[in-house]
Amino acid sequence: MSERTPDLSRPRTVLLRGGEVHSPADPFATAMVVEGDSIAWVGEEGAAASFADGVDEVVHLDGALVTPAFTDAHVHTTATGLALTGLDLTSAAGLSDALTRIRAYAQARPHDKVLLGHGWDAGAWPEGRPPSRPELDAATGGRPLYLTRVDVHSAVVTTALLDRVPGVRGLAGFHPDGPLTGAAHHAVRHAGYATVTPAQRADAQAAALARAVSLGIGSLHECAGPDISSEDDFTALLALAAEGHGPRVVGYWAEPIASAKEAARIRELGALGAAGDLFVDGSLGSHTAHLHAPYADAAHTGTAHLDAAAIAEHVALCTEAGLQAGFHAIGDAALTAVTDGVRAAADRVGLDRVRAARHRVEHAEMLTERTIAAFADLALTASVQPAFDAAWGGDDGMYATRLGADRARTLNPYAALLKAGVPLALGSDSPVTPLDPWGTLRAAVFHRTRAHGISARAAFTAHTRGGWRAIGRDDAGVLVPGAPADYAVWRTGDLIVQAPDERVERWSTDPRSGTPGLPDLRPGGELPTCLTTVVGGRTVFERPNE
């Protein structure tokens, strides 16, 4: 409940009181004052009373938890919105169910030039295979269909869509009887998304941004690029976000640069860096991640898109231009290429300059001791997605199928990254895995390989401050005076302290430690519900009264 007395002649001040405020400034804080777009004060209830008469609004928290808003450090916003508003097969129980859903979707969308869908995962289906082209042709009545695998690194399509793409059958990655990868996949993706109208795109982007703020996400890092979307899509998203009705959006454009002129063009697009999904390799699920040793279930080592020399050139030019560089790299061979390339760039332009640029690597799954040490030395941010491990980890998961159980257990070593001092930023790669910040924290803490799990506090920091630090901001993502007023209010149960080491957990729970608690993330329990999200002092989401 709030009391409002607006005065537009000065920045509005808001007092939140009677709850739990997660702040390192005061681990026992129950109240907070916001002035304009910044945090002005954090403290305990006794002192809050002195502010009550001088503010424009008093929000009575009734025991709710206030935290910094989350930052999702890797999102594909339009694709997320299209999945939310269109054909999403992530919950399909099998091939038959998927074909039934495709048929119904095609019948419900008679005017779409190309049917777009996402989320099939044949490895999780009883049949163990994706739909064939003849099956898709029959289900759609012969219409064009573009349907991505859950990892978005391969797709199945209908004959009618192939016929719209001249020369596609001669491109690398074309398979007459299976999913398309590589250049063939990029070509059909371009043809499919080119049919999305500006109105459809705007609706999809708005849907994705609305979902984000309803989950307490205050910032998104959009990972766009010429192989993923279009410049119009990218600039339209940034313009929509600038209206201030949803989360902040930080844009990355994944295009290799070869000159200062190209770097300037990327900056003119509104991108913070030539980074994000600049592909060094593909994905494990699609057998396109680049490995040192062959897959356990395929007699090859995946696909390399960039070598160390190309990576070094890109990083050096970005560093000199004041742009962040970054890469999509999953396989161990791809990550070796990245670290060797960034090292070569540091030798060329200076290690301190490379470190200061905070270049980043997306996914970074198959790390070794050598590449982890290189990440730390080069100050590379690891932009990682714990939900990948929750979905595909474990001895009987997709990782084990692709790599064998021993190699699979080395993936996503978050504890080793933190121990080495590597900056972490957590995200979802939505729509690959859903926008779900508390679920992301749960996956990071309760990793399927126990030795890789991290404390809830470390995961929370990586999903709040970590995303801001990844864009060069050290003053945000935390509730302290002077920080941006980006926060969320949650209905949740008791607050506890969770850490992989029980001795740490016992000490952190002791009041003498001064450690603020977080919701219980143990599997099976109910996760917090977002009641309000505020970005820059503006309320962008309020849950209706239930």
# chains A, B, ... in the order shown; residues from 1 in each chain; ligands from 1

call {"tool": "residues_around", "arguments": {"residues": "A:Ala451", "least_positions_apart": "2", "cutoff": "12 Å", "atoms": "only C-alpha atoms", "output": "PyMOL selection string"}}
result
chain A and resi 409-417+419+444-449+453-455+499-501

call {"tool": "residues_around", "arguments": {"residues": "A:Trp490", "least_positions_apart": "4", "cutoff": "8 Å", "atoms": "only C-alpha atoms", "output": "list in words"}}
result
Ala64, Leu65, Val66, Thr67, Pro528, Thr529, Cys530, Leu531 and Thr532 of chain A

call {"tool": "write_last_selection", "arguments": {"atoms": "N, CA and C atoms", "output": "short mmCIF file (atom, residue, chain, number, x, y, z; two decimals), in the first residue's frame"}}
result
data_model
loop_
_atom_site.label_atom_id
_atom_site.label_comp_id
_atom_site.auth_asym_id
_atom_site.auth_seq_id
_atom_site.Cartn_x
_atom_site.Cartn_y
_atom_site.Cartn_z
N ALA A 64 7.70 -7.64 2.41
CA ALA A 64 8.24 -8.07 1.12
C ALA A 64 9.75 -7.81 1.05
N LEU A 65 10.40 -8.51 0.14
CA LEU A 65 11.83 -8.38 -0.08
C LEU A 65 12.09 -7.41 -1.23
N VAL A 66 13.05 -6.50 -1.04
CA VAL A 66 13.49 -5.61 -2.10
C VAL A 66 14.92 -5.99 -2.49
N THR A 67 15.14 -6.20 -3.77
CA THR A 67 16.49 -6.51 -4.27
C THR A 67 16.81 -5.62 -5.46
N PRO A 528 10.48 -16.94 -5.56
CA PRO A 528 9.79 -15.67 -5.29
C PRO A 528 8.92 -15.21 -6.46
N THR A 529 7.89 -14.45 -6.11
CA THR A 529 6.99 -13.84 -7.09
C THR A 529 7.24 -12.34 -7.14
N CYS A 530 7.45 -11.83 -8.34
CA CYS A 530 7.71 -10.39 -8.48
C CYS A 530 6.42 -9.61 -8.31
N LEU A 531 6.44 -8.62 -7.42
CA LEU A 531 5.29 -7.75 -7.18
C LEU A 531 5.43 -6.42 -7.93
N THR A 532 6.65 -5.89 -7.98
CA THR A 532 6.89 -4.59 -8.60
C THR A 532 8.30 -4.58 -9.18
#

call {"tool": "residues_around", "arguments": {"residues": "A:Ser383", "least_positions_apart": "6", "cutoff": "12 Å", "atoms": "only C-alpha atoms", "output": "ChimeraX atom specification"}}
result
/A:71-75,221,223,275-277,326-330,358-365,375,412,414,417,422-429,462-463,466-471

call {"tool": "write_last_selection", "arguments": {"atoms": "N, CA and C atoms", "output": "tab-separated table (two decimals), in the first residue's frame"}}
result
chain	number	residue	atom	x	y	z
A	71	THR	N	19.85	-8.43	-14.09
A	71	THR	CA	20.31	-8.19	-15.45
A	71	THR	C	20.47	-9.53	-16.14
A	72	ASP	N	19.78	-9.73	-17.26
A	72	ASP	CA	19.98	-10.92	-18.07
A	72	ASP	C	21.00	-10.57	-19.13
A	73	ALA	N	22.18	-11.19	-19.06
A	73	ALA	CA	23.32	-10.76	-19.86
A	73	ALA	C	23.37	-11.37	-21.25
A	74	HIS	N	22.35	-12.13	-21.65
A	74	HIS	CA	22.37	-12.68	-23.02
A	74	HIS	C	20.94	-13.02	-23.42
A	75	VAL	N	20.37	-12.18	-24.29
A	75	VAL	CA	18.98	-12.36	-24.72
A	75	VAL	C	18.88	-12.07	-26.21
A	221	HIS	N	20.84	-7.64	-22.05
A	221	HIS	CA	21.88	-7.47	-23.04
A	221	HIS	C	21.41	-8.17	-24.31
A	223	CYS	N	21.86	-9.63	-27.78
A	223	CYS	CA	22.96	-10.17	-28.57
A	223	CYS	C	22.49	-10.38	-30.01
A	275	ALA	N	30.24	-7.62	-30.40
A	275	ALA	CA	30.32	-8.74	-29.47
A	275	ALA	C	29.01	-9.49	-29.45
A	276	GLY	N	28.86	-10.32	-28.41
A	276	GLY	CA	27.67	-11.16	-28.33
A	276	GLY	C	27.88	-12.43	-29.11
A	277	ASP	N	26.94	-12.76	-29.99
A	277	ASP	CA	27.04	-14.01	-30.74
A	277	ASP	C	27.84	-13.85	-32.02
A	326	GLY	N	33.70	-9.41	-28.31
A	326	GLY	CA	33.18	-10.60	-27.63
A	326	GLY	C	32.82	-11.67	-28.63
A	327	PHE	N	32.73	-12.88	-28.13
A	327	PHE	CA	32.55	-14.03	-29.00
A	327	PHE	C	31.63	-15.06	-28.37
A	328	HIS	N	30.94	-15.79	-29.23
A	328	HIS	CA	30.23	-17.01	-28.85
A	328	HIS	C	31.23	-18.16	-28.98
A	329	ALA	N	31.53	-18.82	-27.88
A	329	ALA	CA	32.46	-19.94	-27.91
A	329	ALA	C	32.03	-20.96	-26.87
A	330	ILE	N	31.83	-22.21	-27.31
A	330	ILE	CA	31.33	-23.26	-26.44
A	330	ILE	C	32.33	-24.41	-26.31
A	358	ARG	N	37.30	-4.89	-21.01
A	358	ARG	CA	36.32	-5.86	-20.50
A	358	ARG	C	35.65	-6.63	-21.64
A	359	HIS	N	36.46	-7.17	-22.52
A	359	HIS	CA	35.93	-8.02	-23.57
A	359	HIS	C	35.26	-9.24	-22.94
A	360	ARG	N	34.37	-9.88	-23.68
A	360	ARG	CA	33.52	-10.91	-23.07
A	360	ARG	C	33.40	-12.14	-23.97
A	361	VAL	N	33.07	-13.25	-23.35
A	361	VAL	CA	32.86	-14.51	-24.06
A	361	VAL	C	31.52	-15.07	-23.62
A	362	GLU	N	30.68	-15.36	-24.61
A	362	GLU	CA	29.35	-15.91	-24.31
A	362	GLU	C	29.42	-17.44	-24.21
A	363	HIS	N	28.77	-17.97	-23.20
A	363	HIS	CA	28.57	-19.41	-22.97
A	363	HIS	C	29.79	-20.05	-22.30
A	364	ALA	N	30.95	-20.07	-22.95
A	364	ALA	CA	32.20	-20.52	-22.32
A	364	ALA	C	32.02	-21.81	-21.54
A	365	GLU	N	31.54	-22.85	-22.20
A	365	GLU	CA	31.15	-24.06	-21.49
A	365	GLU	C	32.29	-25.05	-21.25
A	375	PHE	N	41.39	-16.53	-19.10
A	375	PHE	CA	40.27	-15.62	-18.86
A	375	PHE	C	40.62	-14.65	-17.74
A	412	ASN	N	30.84	-26.04	-17.71
A	412	ASN	CA	30.26	-24.95	-16.90
A	412	ASN	C	30.84	-24.90	-15.49
A	414	TYR	N	31.62	-23.10	-12.81
A	414	TYR	CA	31.45	-21.76	-12.25
A	414	TYR	C	32.32	-21.53	-11.01
A	417	LEU	N	35.84	-20.76	-12.08
A	417	LEU	CA	35.93	-19.42	-12.64
A	417	LEU	C	36.00	-18.36	-11.54
A	422	VAL	N	37.63	-14.73	-12.35
A	422	VAL	CA	37.01	-14.39	-13.62
A	422	VAL	C	35.67	-13.71	-13.37
A	423	PRO	N	35.40	-12.55	-13.95
A	423	PRO	CA	34.09	-11.90	-13.77
A	423	PRO	C	33.00	-12.74	-14.42
A	424	LEU	N	31.90	-12.95	-13.70
A	424	LEU	CA	30.76	-13.70	-14.21
A	424	LEU	C	29.57	-12.78	-14.40
A	425	ALA	N	28.86	-12.98	-15.51
A	425	ALA	CA	27.57	-12.33	-15.75
A	425	ALA	C	26.60	-13.42	-16.18
A	426	LEU	N	25.48	-13.53	-15.48
A	426	LEU	CA	24.53	-14.62	-15.76
A	426	LEU	C	23.42	-14.17	-16.69
A	427	GLY	N	22.95	-15.09	-17.50
A	427	GLY	CA	21.86	-14.82	-18.42
A	427	GLY	C	21.14	-16.09	-18.80
A	428	SER	N	20.25	-15.97	-19.78
A	428	SER	CA	19.39	-17.08	-20.18
A	428	SER	C	19.62	-17.56	-21.61
A	429	ASP	N	20.13	-16.67	-22.48
A	429	ASP	CA	20.15	-16.94	-23.92
A	429	ASP	C	18.73	-17.16	-24.44
A	462	ALA	N	26.39	-12.17	-9.53
A	462	ALA	CA	26.68	-12.32	-10.96
A	462	ALA	C	25.47	-12.00	-11.83
A	463	HIS	N	24.27	-12.13	-11.26
A	463	HIS	CA	23.04	-11.88	-12.03
A	463	HIS	C	22.51	-10.47	-11.82
A	466	GLY	N	26.97	-8.29	-11.77
A	466	GLY	CA	27.80	-8.86	-12.83
A	466	GLY	C	27.44	-8.36	-14.21
A	467	GLY	N	26.14	-8.24	-14.47
A	467	GLY	CA	25.71	-7.75	-15.77
A	467	GLY	C	26.09	-6.30	-15.99
A	468	TRP	N	26.03	-5.49	-14.94
A	468	TRP	CA	26.43	-4.09	-15.06
A	468	TRP	C	27.94	-3.97	-15.24
A	469	ARG	N	28.69	-4.76	-14.47
A	469	ARG	CA	30.15	-4.71	-14.61
A	469	ARG	C	30.57	-5.14	-16.01
A	470	ALA	N	29.82	-6.05	-16.61
A	470	ALA	CA	30.15	-6.52	-17.95
A	470	ALA	C	30.04	-5.42	-19.00
A	471	ILE	N	29.29	-4.37	-18.70
A	471	ILE	CA	29.18	-3.25	-19.64
A	471	ILE	C	30.00	-2.04	-19.18

call {"tool": "residues_around", "arguments": {"residues": "A:Gly167", "least_positions_apart": "5", "cutoff": "12 Å", "atoms": "only C-alpha atoms", "output": "list in words"}}
result
Leu162, Ala172, Phe174, Ala183, Ala184, Ala187 and Val188 of chain A

call {"tool": "select_by_dssp", "arguments": {"residues": "stretch 149-301 of chain A", "states": "strand (DSSP E or B)", "output": "short mmCIF file (atom, residue, chain, number, x, y, z; two decimals) with N, CA and C atoms, in the first residue's frame"}}
result
data_model
loop_
_atom_site.label_atom_id
_atom_site.label_comp_id
_atom_site.auth_asym_id
_atom_site.auth_seq_id
_atom_site.Cartn_x
_atom_site.Cartn_y
_atom_site.Cartn_z
N ARG A 149 15.85 -25.59 -33.67
CA ARG A 149 16.13 -26.44 -32.52
C ARG A 149 16.24 -25.54 -31.29
N ALA A 155 18.07 -25.91 -37.70
CA ALA A 155 16.63 -25.77 -37.93
C ALA A 155 16.16 -26.81 -38.93
N VAL A 156 14.90 -27.18 -38.79
CA VAL A 156 14.23 -27.97 -39.82
C VAL A 156 13.28 -27.04 -40.56
N VAL A 157 13.15 -27.27 -41.85
CA VAL A 157 12.34 -26.38 -42.69
C VAL A 157 11.54 -27.20 -43.68
N LEU A 180 19.28 -28.23 -40.86
CA LEU A 180 20.26 -27.38 -41.52
C LEU A 180 21.14 -26.70 -40.47
N ILE A 217 13.39 -8.39 -13.97
CA ILE A 217 14.58 -8.11 -14.79
C ILE A 217 14.54 -6.65 -15.20
N GLY A 218 15.56 -5.90 -14.83
CA GLY A 218 15.60 -4.48 -15.15
C GLY A 218 16.49 -4.13 -16.31
N SER A 219 17.35 -5.07 -16.74
CA SER A 219 18.25 -4.82 -17.85
C SER A 219 18.43 -6.09 -18.67
N LEU A 220 18.52 -5.92 -19.98
CA LEU A 220 18.80 -7.02 -20.90
C LEU A 220 20.01 -6.65 -21.74
N HIS A 221 20.84 -7.64 -22.05
CA HIS A 221 21.88 -7.47 -23.04
C HIS A 221 21.41 -8.17 -24.31
N GLU A 222 21.08 -7.39 -25.32
CA GLU A 222 20.62 -7.93 -26.59
C GLU A 222 21.82 -8.36 -27.43
N CYS A 223 21.86 -9.63 -27.78
CA CYS A 223 22.96 -10.17 -28.57
C CYS A 223 22.49 -10.38 -30.01
N ALA A 224 22.67 -9.35 -30.81
CA ALA A 224 22.18 -9.34 -32.18
C ALA A 224 23.35 -9.43 -33.14
N ARG A 248 15.93 -1.67 -19.28
CA ARG A 248 17.00 -1.11 -20.09
C ARG A 248 17.47 -2.20 -21.06
N VAL A 249 17.89 -1.80 -22.25
CA VAL A 249 18.46 -2.75 -23.22
C VAL A 249 19.81 -2.24 -23.67
N VAL A 250 20.82 -3.05 -23.45
CA VAL A 250 22.18 -2.78 -23.92
C VAL A 250 22.41 -3.66 -25.14
N GLY A 251 22.81 -3.05 -26.24
CA GLY A 251 22.91 -3.78 -27.49
C GLY A 251 24.32 -4.15 -27.89
N TYR A 252 24.48 -5.40 -28.33
CA TYR A 252 25.73 -5.86 -28.94
C TYR A 252 25.44 -6.31 -30.36
N TRP A 253 26.33 -5.93 -31.28
CA TRP A 253 26.17 -6.30 -32.69
C TRP A 253 27.35 -7.18 -33.09
N GLY A 273 29.22 -2.80 -28.28
CA GLY A 273 30.38 -3.53 -28.74
C GLY A 273 30.09 -4.39 -29.94
N ALA A 274 31.18 -4.81 -30.60
CA ALA A 274 31.09 -5.80 -31.68
C ALA A 274 31.28 -7.15 -31.01
N PHE A 279 30.21 -15.72 -33.84
CA PHE A 279 30.38 -17.16 -33.69
C PHE A 279 31.81 -17.60 -33.96
#

call {"tool": "residues_around", "arguments": {"residues": "A:Val34", "least_positions_apart": "3", "cutoff": "9 Å", "atoms": "only C-alpha atoms", "output": "PyMOL selection string"}}
result
chain A and resi 12-16+37-41+481+485+537

call {"tool": "write_last_selection", "arguments": {"atoms": "N, CA and C atoms", "output": "short mmCIF file (atom, residue, chain, number, x, y, z; two decimals), in the first residue's frame"}}
result
data_model
loop_
_atom_site.label_atom_id
_atom_site.label_comp_id
_atom_site.auth_asym_id
_atom_site.auth_seq_id
_atom_site.Cartn_x
_atom_site.Cartn_y
_atom_site.Cartn_z
N ARG A 12 10.90 13.24 -7.65
CA ARG A 12 10.04 12.55 -6.67
C ARG A 12 10.88 11.70 -5.73
N THR A 13 10.47 11.68 -4.48
CA THR A 13 11.13 10.82 -3.50
C THR A 13 10.13 9.79 -3.00
N VAL A 14 10.62 8.58 -2.82
CA VAL A 14 9.78 7.46 -2.39
C VAL A 14 10.47 6.78 -1.22
N LEU A 15 9.71 6.53 -0.18
CA LEU A 15 10.18 5.76 0.97
C LEU A 15 9.53 4.38 0.93
N LEU A 16 10.35 3.35 0.90
CA LEU A 16 9.86 1.98 1.04
C LEU A 16 10.23 1.53 2.45
N ASP A 37 15.96 9.13 -9.93
CA ASP A 37 16.37 7.87 -10.54
C ASP A 37 17.49 7.18 -9.77
N SER A 38 17.71 7.60 -8.50
CA SER A 38 18.82 7.05 -7.73
C SER A 38 18.38 6.63 -6.33
N ILE A 39 19.14 5.71 -5.76
CA ILE A 39 18.96 5.35 -4.36
C ILE A 39 19.56 6.46 -3.50
N ALA A 40 18.81 6.94 -2.51
CA ALA A 40 19.29 8.03 -1.66
C ALA A 40 19.71 7.55 -0.27
N TRP A 41 19.05 6.50 0.23
CA TRP A 41 19.33 6.04 1.60
C TRP A 41 18.85 4.62 1.76
N PRO A 481 23.39 3.96 -1.59
CA PRO A 481 23.20 5.36 -1.99
C PRO A 481 24.04 5.73 -3.20
N ALA A 485 18.30 3.60 -9.38
CA ALA A 485 17.13 3.04 -8.70
C ALA A 485 16.47 1.99 -9.59
N GLY A 537 13.96 4.58 -11.32
CA GLY A 537 12.97 5.27 -10.50
C GLY A 537 11.55 5.22 -11.05
#

call {"tool": "select_by_dssp", "arguments": {"residues": "stretch 107-220 of chain A", "states": "helix (DSSP H, G or I)", "output": "PyMOL selection string"}}
result
chain A and resi 107-108+122-124+133-140+159-162+168-170+182-193+198-214

call {"tool": "write_last_selection", "arguments": {"atoms": "N, CA and C atoms", "output": "compact mmCIF listing (two decimals), in the first residue's frame"}}
result
# COMPACT_ATOMS: atom_id res chain seq x y z
N GLN A 107 -2.90 -23.87 -39.27
CA GLN A 107 -4.32 -23.61 -39.54
C GLN A 107 -4.78 -22.30 -38.93
N ALA A 108 -4.17 -21.93 -37.78
CA ALA A 108 -4.58 -20.70 -37.10
C ALA A 108 -3.94 -19.44 -37.69
N ALA A 122 14.91 -33.01 -30.15
CA ALA A 122 14.67 -34.42 -30.44
C ALA A 122 15.32 -35.34 -29.42
N GLY A 123 16.42 -34.89 -28.81
CA GLY A 123 17.08 -35.72 -27.81
C GLY A 123 16.22 -36.00 -26.60
N ALA A 124 15.23 -35.16 -26.37
CA ALA A 124 14.33 -35.35 -25.22
C ALA A 124 13.05 -36.08 -25.60
N ARG A 133 11.38 -33.60 -43.37
CA ARG A 133 10.83 -32.59 -44.27
C ARG A 133 9.46 -33.01 -44.82
N PRO A 134 9.28 -34.28 -45.25
CA PRO A 134 7.94 -34.67 -45.71
C PRO A 134 6.88 -34.53 -44.61
N GLU A 135 7.24 -34.84 -43.37
CA GLU A 135 6.28 -34.69 -42.27
C GLU A 135 5.91 -33.22 -42.07
N LEU A 136 6.90 -32.34 -42.17
CA LEU A 136 6.62 -30.92 -42.03
C LEU A 136 5.80 -30.39 -43.20
N ASP A 137 6.13 -30.85 -44.40
CA ASP A 137 5.34 -30.43 -45.57
C ASP A 137 3.88 -30.80 -45.39
N ALA A 138 3.63 -32.01 -44.88
CA ALA A 138 2.26 -32.46 -44.68
C ALA A 138 1.57 -31.67 -43.58
N ALA A 139 2.28 -31.42 -42.48
CA ALA A 139 1.67 -30.72 -41.34
C ALA A 139 1.31 -29.28 -41.67
N THR A 140 2.08 -28.66 -42.55
CA THR A 140 1.84 -27.25 -42.89
C THR A 140 1.01 -27.07 -44.15
N THR A 159 9.93 -27.80 -47.61
CA THR A 159 10.40 -27.65 -48.99
C THR A 159 10.05 -26.27 -49.53
N ALA A 160 8.88 -25.76 -49.15
CA ALA A 160 8.45 -24.46 -49.66
C ALA A 160 9.40 -23.34 -49.20
N LEU A 161 9.98 -23.45 -48.02
CA LEU A 161 10.93 -22.43 -47.59
C LEU A 161 12.25 -22.58 -48.34
N LEU A 162 12.70 -23.81 -48.54
CA LEU A 162 13.92 -24.02 -49.32
C LEU A 162 13.79 -23.40 -50.71
N VAL A 168 20.44 -22.53 -51.79
CA VAL A 168 20.62 -23.02 -50.42
C VAL A 168 21.10 -24.47 -50.39
N ARG A 169 20.68 -25.25 -51.37
CA ARG A 169 21.06 -26.67 -51.38
C ARG A 169 22.55 -26.88 -51.64
N GLY A 170 23.23 -25.84 -52.08
CA GLY A 170 24.66 -25.94 -52.29
C GLY A 170 25.50 -25.33 -51.19
N GLY A 182 25.07 -24.16 -40.09
CA GLY A 182 26.02 -23.31 -40.78
C GLY A 182 25.40 -22.31 -41.73
N ALA A 183 26.02 -22.15 -42.89
CA ALA A 183 25.58 -21.15 -43.86
C ALA A 183 24.17 -21.42 -44.37
N ALA A 184 23.83 -22.69 -44.54
CA ALA A 184 22.47 -23.02 -45.01
C ALA A 184 21.43 -22.58 -43.98
N HIS A 185 21.74 -22.80 -42.72
CA HIS A 185 20.81 -22.37 -41.67
C HIS A 185 20.68 -20.85 -41.65
N HIS A 186 21.78 -20.14 -41.75
CA HIS A 186 21.72 -18.67 -41.74
C HIS A 186 20.89 -18.15 -42.91
N ALA A 187 21.01 -18.81 -44.05
CA ALA A 187 20.26 -18.36 -45.24
C ALA A 187 18.76 -18.54 -45.06
N VAL A 188 18.34 -19.68 -44.53
CA VAL A 188 16.89 -19.88 -44.36
C VAL A 188 16.37 -19.03 -43.20
N ARG A 189 17.20 -18.80 -42.19
CA ARG A 189 16.76 -17.92 -41.09
C ARG A 189 16.51 -16.51 -41.62
N HIS A 190 17.42 -16.03 -42.45
CA HIS A 190 17.24 -14.70 -43.03
C HIS A 190 15.95 -14.64 -43.84
N ALA A 191 15.69 -15.67 -44.63
CA ALA A 191 14.47 -15.69 -45.44
C ALA A 191 13.22 -15.73 -44.58
N GLY A 192 13.28 -16.47 -43.49
CA GLY A 192 12.12 -16.56 -42.61
C GLY A 192 11.83 -15.26 -41.89
N TYR A 193 12.86 -14.69 -41.26
CA TYR A 193 12.65 -13.48 -40.47
C TYR A 193 12.40 -12.25 -41.35
N PRO A 198 6.94 -5.06 -39.59
CA PRO A 198 7.29 -4.19 -38.48
C PRO A 198 6.30 -4.29 -37.31
N ALA A 199 5.03 -4.47 -37.61
CA ALA A 199 4.04 -4.59 -36.54
C ALA A 199 4.23 -5.88 -35.76
N GLN A 200 4.48 -6.99 -36.46
CA GLN A 200 4.73 -8.26 -35.77
C GLN A 200 5.99 -8.16 -34.91
N ARG A 201 7.01 -7.53 -35.46
CA ARG A 201 8.26 -7.37 -34.72
C ARG A 201 8.04 -6.53 -33.46
N ALA A 202 7.33 -5.43 -33.60
CA ALA A 202 7.07 -4.57 -32.44
C ALA A 202 6.28 -5.31 -31.38
N ASP A 203 5.28 -6.09 -31.79
CA ASP A 203 4.49 -6.86 -30.83
C ASP A 203 5.37 -7.88 -30.11
N ALA A 204 6.25 -8.54 -30.87
CA ALA A 204 7.12 -9.55 -30.27
C ALA A 204 8.09 -8.91 -29.28
N GLN A 205 8.69 -7.80 -29.66
CA GLN A 205 9.63 -7.12 -28.76
C GLN A 205 8.92 -6.64 -27.50
N ALA A 206 7.74 -6.08 -27.67
CA ALA A 206 6.99 -5.60 -26.50
C ALA A 206 6.63 -6.75 -25.57
N ALA A 207 6.26 -7.89 -26.14
CA ALA A 207 5.92 -9.06 -25.33
C ALA A 207 7.12 -9.54 -24.53
N ALA A 208 8.29 -9.58 -25.17
CA ALA A 208 9.50 -10.03 -24.48
C ALA A 208 9.90 -9.07 -23.37
N LEU A 209 9.84 -7.77 -23.63
CA LEU A 209 10.20 -6.80 -22.61
C LEU A 209 9.22 -6.82 -21.44
N ALA A 210 7.95 -7.01 -21.75
CA ALA A 210 6.95 -7.10 -20.67
C ALA A 210 7.18 -8.34 -19.82
N ARG A 211 7.52 -9.47 -20.45
CA ARG A 211 7.81 -10.67 -19.67
C ARG A 211 9.02 -10.44 -18.77
N ALA A 212 10.03 -9.77 -19.29
CA ALA A 212 11.23 -9.53 -18.50
C ALA A 212 10.93 -8.76 -17.22
N VAL A 213 10.23 -7.63 -17.34
CA VAL A 213 9.99 -6.83 -16.14
C VAL A 213 9.04 -7.53 -15.18
N SER A 214 8.18 -8.40 -15.69
CA SER A 214 7.29 -9.15 -14.79
C SER A 214 8.05 -10.16 -13.95

call {"tool": "residues_around", "arguments": {"residues": "A:Glu127", "least_positions_apart": "6", "cutoff": "12 Å", "atoms": "only C-alpha atoms", "output": "PyMOL selection string"}}
result
chain A and resi 93-98+121

call {"tool": "atom_distance", "arguments": {"atom1": "atom CA of A:Ala458", "atom2": "atom CA of A:Ala241"}}
result
28.7 Å

call {"tool": "residues_around", "arguments": {"residues": "stretch 290-296 of chain A", "least_positions_apart": "5", "cutoff": "6 Å", "atoms": "only C-alpha atoms", "output": "PyMOL selection string"}}
result
chain A and resi 281+301-304+331-334+402-404

call {"tool": "write_last_selection", "arguments": {"atoms": "N, CA and C atoms", "output": "short mmCIF file (atom, residue, chain, number, x, y, z; two decimals), in the first residue's frame"}}
result
data_model
loop_
_atom_site.label_atom_id
_atom_site.label_comp_id
_atom_site.auth_asym_id
_atom_site.auth_seq_id
_atom_site.Cartn_x
_atom_site.Cartn_y
_atom_site.Cartn_z
N ASP A 281 32.24 -20.86 -32.89
CA ASP A 281 31.75 -22.20 -33.20
C ASP A 281 30.25 -22.23 -33.06
N THR A 301 34.77 -33.19 -35.15
CA THR A 301 35.03 -32.28 -34.04
C THR A 301 34.25 -30.97 -34.13
N GLY A 302 33.18 -30.93 -34.92
CA GLY A 302 32.36 -29.73 -34.98
C GLY A 302 32.86 -28.74 -36.01
N THR A 303 32.50 -27.48 -35.81
CA THR A 303 32.71 -26.44 -36.82
C THR A 303 33.44 -25.24 -36.22
N ALA A 304 34.52 -24.81 -36.90
CA ALA A 304 35.23 -23.60 -36.50
C ALA A 304 34.89 -22.48 -37.49
N GLY A 331 32.83 -24.94 -27.42
CA GLY A 331 33.73 -26.08 -27.39
C GLY A 331 35.11 -25.71 -26.88
N ASP A 332 35.86 -26.73 -26.41
CA ASP A 332 37.19 -26.46 -25.86
C ASP A 332 38.15 -25.92 -26.92
N ALA A 333 38.03 -26.39 -28.17
CA ALA A 333 38.89 -25.86 -29.23
C ALA A 333 38.53 -24.41 -29.54
N ALA A 334 37.25 -24.07 -29.52
CA ALA A 334 36.83 -22.69 -29.75
C ALA A 334 37.35 -21.77 -28.65
N ARG A 402 26.63 -36.33 -26.03
CA ARG A 402 27.51 -35.75 -27.03
C ARG A 402 29.00 -35.99 -26.73
N LEU A 403 29.37 -35.98 -25.45
CA LEU A 403 30.78 -35.94 -25.08
C LEU A 403 31.26 -37.14 -24.30
N GLY A 404 30.33 -37.95 -23.78
CA GLY A 404 30.69 -38.94 -22.79
C GLY A 404 30.63 -38.32 -21.41
#

call {"tool": "closest_residue", "arguments": {"among": "A:Ala390, A:Thr148, A:Gly322, A:Thr100", "to": "A:Ala264", "atoms": "only C-alpha atoms"}}
result
A:Gly322
